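Please read the structure below before turning to the comments.
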Amino acid sequence: MKVILTREVDNLGQVGEVKNVAPGYARNYLIPKGLAVKATAGAIREFENLQAAQAHREERLVAHADALAQQLSQVTLTFEAKASEKGRLFGSITTAEIAQALEQQVGEKFDRRKHILSEPLRQVGRHQIPIRLTADVTAEVQVVVKPEGGELAEVLEDLAPAEAETGTEAETQLEADVAEEPTTSETPLLIEEQ
């Protein structure tokens with residue numbers, strides 16, 4: 001018996017394929033579970049029309065996603081939040097806040113779990129946030145987090161020298177620790193008595 005697969009079936013085939021199967025397998029398993037339909041001339045034409053419509057719909061979706069990606073690459077979102085002198089936020093800028101700001105800026109609906117590919121922002125500065133529009137199309141949006149009542153440039157200038165000094169101190173301390181460690185030949189072996 002010939003059937004058209006409406007879903008992928010392991011060890012049988014992919015969606016849309018016409019397969020010749022045992023009549024009992026088709027009547028008792030494939031057709032009742034909605035995995036296949038009987039392959040008549042009308043069913044084959046209908047399935048081809050559905051596949052063509054689906055392909056056209058996917059082409060429009062990809063074209064829309066490409067246009068939206070171009071638009072999003074020009075978007076810069078700005079947030080103000082309370083921050084420490086070192087630029088660490090008291091709290092965070094969440095993915096829900098980013099999605100809501102994008103909706104207001106672009107006019108499209110964004111889901112924080114489905115579209116925003118980022119962790120919450122916890123640091124003052126400029127961040128590039130990836131936005132997934134479809135499985136193949138991803139755009140990046142620039143997000144600027146400023147401290148409340150301050151300018152971003154001032155905070156970034158204040159942070160740069162402090163970070164450089166701490167990095168140098170950490171490297172010096174690491175070198176000192178390495179110099180003090182005993183070599184492996186001097187390390188005593190511990191053997192437990194039973």
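Labeling convention for the structure tokens: chains A, B, ... as they appear, residues from 1 per chain, ligands from 1 in order of appearance.
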Give me the residues within 12 Å of range 35-37 of chain A as a compact mmCIF listing (two decimals) with N, CA and C atoms, in the first residue's frame, counting only C-alpha atoms and dropping any in the same chain fewer than 2 places off.
# COMPACT_ATOMS: atom_id res chain seq x y z
N MET A 1 0.85 -1.18 0.00
CA MET A 1 0.00 0.00 0.00
C MET A 1 0.90 1.24 0.00
N LYS A 2 0.58 2.23 -0.86
CA LYS A 2 1.37 3.45 -0.93
C LYS A 2 0.77 4.49 0.01
N VAL A 3 1.70 5.15 0.78
CA VAL A 3 1.29 6.20 1.71
C VAL A 3 2.21 7.40 1.53
N ILE A 4 1.70 8.58 1.92
CA ILE A 4 2.50 9.80 1.96
C ILE A 4 2.77 10.08 3.43
N LEU A 5 4.03 10.22 3.80
CA LEU A 5 4.38 10.48 5.20
C LEU A 5 4.09 11.94 5.54
N THR A 6 3.32 12.14 6.60
CA THR A 6 3.02 13.50 7.05
C THR A 6 3.95 13.93 8.18
N ARG A 7 4.67 12.98 8.74
CA ARG A 7 5.69 13.25 9.76
C ARG A 7 6.86 12.33 9.50
N GLU A 8 8.00 12.68 10.07
CA GLU A 8 9.18 11.82 9.93
C GLU A 8 8.97 10.55 10.74
N VAL A 9 9.26 9.40 10.11
CA VAL A 9 9.11 8.11 10.77
C VAL A 9 10.47 7.42 10.73
N ASP A 10 10.96 7.02 11.90
CA ASP A 10 12.26 6.34 11.98
C ASP A 10 12.25 5.08 11.12
N LEU A 12 11.87 4.69 8.14
CA LEU A 12 10.94 4.66 7.01
C LEU A 12 11.18 5.84 6.06
N GLY A 13 11.15 7.07 6.57
CA GLY A 13 11.37 8.20 5.67
C GLY A 13 11.05 9.54 6.30
N GLN A 14 11.20 10.58 5.44
CA GLN A 14 10.99 11.96 5.85
C GLN A 14 9.59 12.43 5.44
N VAL A 15 9.20 13.60 5.91
CA VAL A 15 7.90 14.19 5.58
C VAL A 15 7.80 14.40 4.07
N GLY A 16 6.68 14.01 3.49
CA GLY A 16 6.42 14.23 2.07
C GLY A 16 6.83 13.09 1.17
N GLU A 17 7.54 12.12 1.67
CA GLU A 17 7.96 11.00 0.84
C GLU A 17 6.80 10.03 0.64
N VAL A 18 6.73 9.45 -0.55
CA VAL A 18 5.74 8.42 -0.85
C VAL A 18 6.43 7.08 -0.66
N LYS A 19 5.87 6.25 0.21
CA LYS A 19 6.48 4.96 0.53
C LYS A 19 5.48 3.83 0.31
N ASN A 20 6.02 2.68 -0.05
CA ASN A 20 5.21 1.47 -0.21
C ASN A 20 5.41 0.64 1.06
N VAL A 21 4.33 0.46 1.84
CA VAL A 21 4.41 -0.27 3.10
C VAL A 21 3.37 -1.38 3.13
N TYR A 25 0.40 -2.39 8.37
CA TYR A 25 1.23 -1.36 9.01
C TYR A 25 0.62 0.02 8.75
N ALA A 26 0.14 0.23 7.52
CA ALA A 26 -0.46 1.52 7.18
C ALA A 26 -1.80 1.70 7.89
N ARG A 27 -2.69 0.71 7.81
CA ARG A 27 -4.03 0.83 8.40
C ARG A 27 -4.02 0.84 9.92
N ASN A 28 -3.15 0.05 10.54
CA ASN A 28 -3.19 -0.09 11.99
C ASN A 28 -2.25 0.85 12.74
N TYR A 29 -1.24 1.39 12.07
CA TYR A 29 -0.28 2.21 12.80
C TYR A 29 -0.11 3.61 12.19
N LEU A 30 0.34 3.67 10.94
CA LEU A 30 0.70 4.96 10.35
C LEU A 30 -0.49 5.92 10.20
N ILE A 31 -1.57 5.46 9.62
CA ILE A 31 -2.72 6.33 9.37
C ILE A 31 -3.44 6.72 10.67
N PRO A 32 -3.74 5.79 11.60
CA PRO A 32 -4.41 6.20 12.84
C PRO A 32 -3.58 7.16 13.70
N LYS A 33 -2.25 7.04 13.66
CA LYS A 33 -1.39 7.93 14.47
C LYS A 33 -1.14 9.27 13.77
N ALA A 39 -1.89 7.28 -0.28
CA ALA A 39 -1.35 8.00 -1.43
C ALA A 39 -2.29 7.87 -2.63
N THR A 40 -3.24 8.78 -2.71
CA THR A 40 -4.10 8.86 -3.89
C THR A 40 -3.60 10.05 -4.71
N ALA A 41 -4.08 10.16 -5.95
CA ALA A 41 -3.65 11.26 -6.82
C ALA A 41 -4.02 12.61 -6.20
N GLY A 42 -5.21 12.70 -5.63
CA GLY A 42 -5.66 13.95 -5.00
C GLY A 42 -4.83 14.28 -3.76
N ALA A 43 -4.52 13.28 -2.95
CA ALA A 43 -3.73 13.49 -1.74
C ALA A 43 -2.31 13.95 -2.08
N ILE A 44 -1.74 13.38 -3.16
CA ILE A 44 -0.39 13.78 -3.57
C ILE A 44 -0.39 15.23 -4.04
N GLU A 46 -2.55 17.61 -3.20
CA GLU A 46 -2.80 18.46 -2.03
C GLU A 46 -1.54 18.62 -1.19
N PHE A 47 -0.80 17.52 -1.01
CA PHE A 47 0.41 17.59 -0.21
C PHE A 47 1.48 18.44 -0.89
>> Excluding Val143 in chain A and its own-chain neighbours fewer than 5 positions away, which residues fall within 8 Å of it when counting only C-alpha atoms? Please give them as number ranges by chain.
In response: A: 76-79, 126-129
Leaving out His115 in chain A and any residue of its chain fewer than 5 positions from it, which residues lie within 7 Å of it when counting only C-alpha atoms, given as a short mmCIF file (atom, residue, chain, number, x, y, z; two decimals) with C-alpha atoms, in the first residue's frame?
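What ended up in out_29.cif:
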data_model
loop_
_atom_site.label_atom_id
_atom_site.label_comp_id
_atom_site.auth_asym_id
_atom_site.auth_seq_id
_atom_site.Cartn_x
_atom_site.Cartn_y
_atom_site.Cartn_z
CA PHE A 110 10.39 39.88 21.14
CA ILE A 131 19.16 38.59 19.01
CA ARG A 132 17.98 35.35 17.34
CA LEU A 133 15.30 36.09 14.75
#
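When only C-alpha atoms are used to measure the gap to Glu148 in chain A, the shortest distance among A:Gln105, A:Gln51, A:Ser84, A:Asn11 belongs to A:Ser84.
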> Quick one, how far is CA of Arg88 in chain A from CA of Leu121 in chain A?
Replying inline: 9.6 Å
> Counting only C-alpha atoms, which of A:Arg57, A:Lys109, A:Arg45, A:Lys146 gets nearest to Ala96 in chain A?
Replying inline: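 Closest to Ala96 in chain A of all the choices is A:Lys109.
Distances from A:Ala22, A:Leu117, A:Ala99, A:Val124 to Glu80 in chain A were compared using only C-alpha atoms, and the smallest one belongs to A:Val124.
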>> Counting only C-alpha atoms, which residue out of A:Thr134, A:Gln142, A:Gln123, A:Thr95 sits closest to Leu61 in chain A?
In response: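 Closest to Leu61 in chain A of all the choices is A:Thr134.
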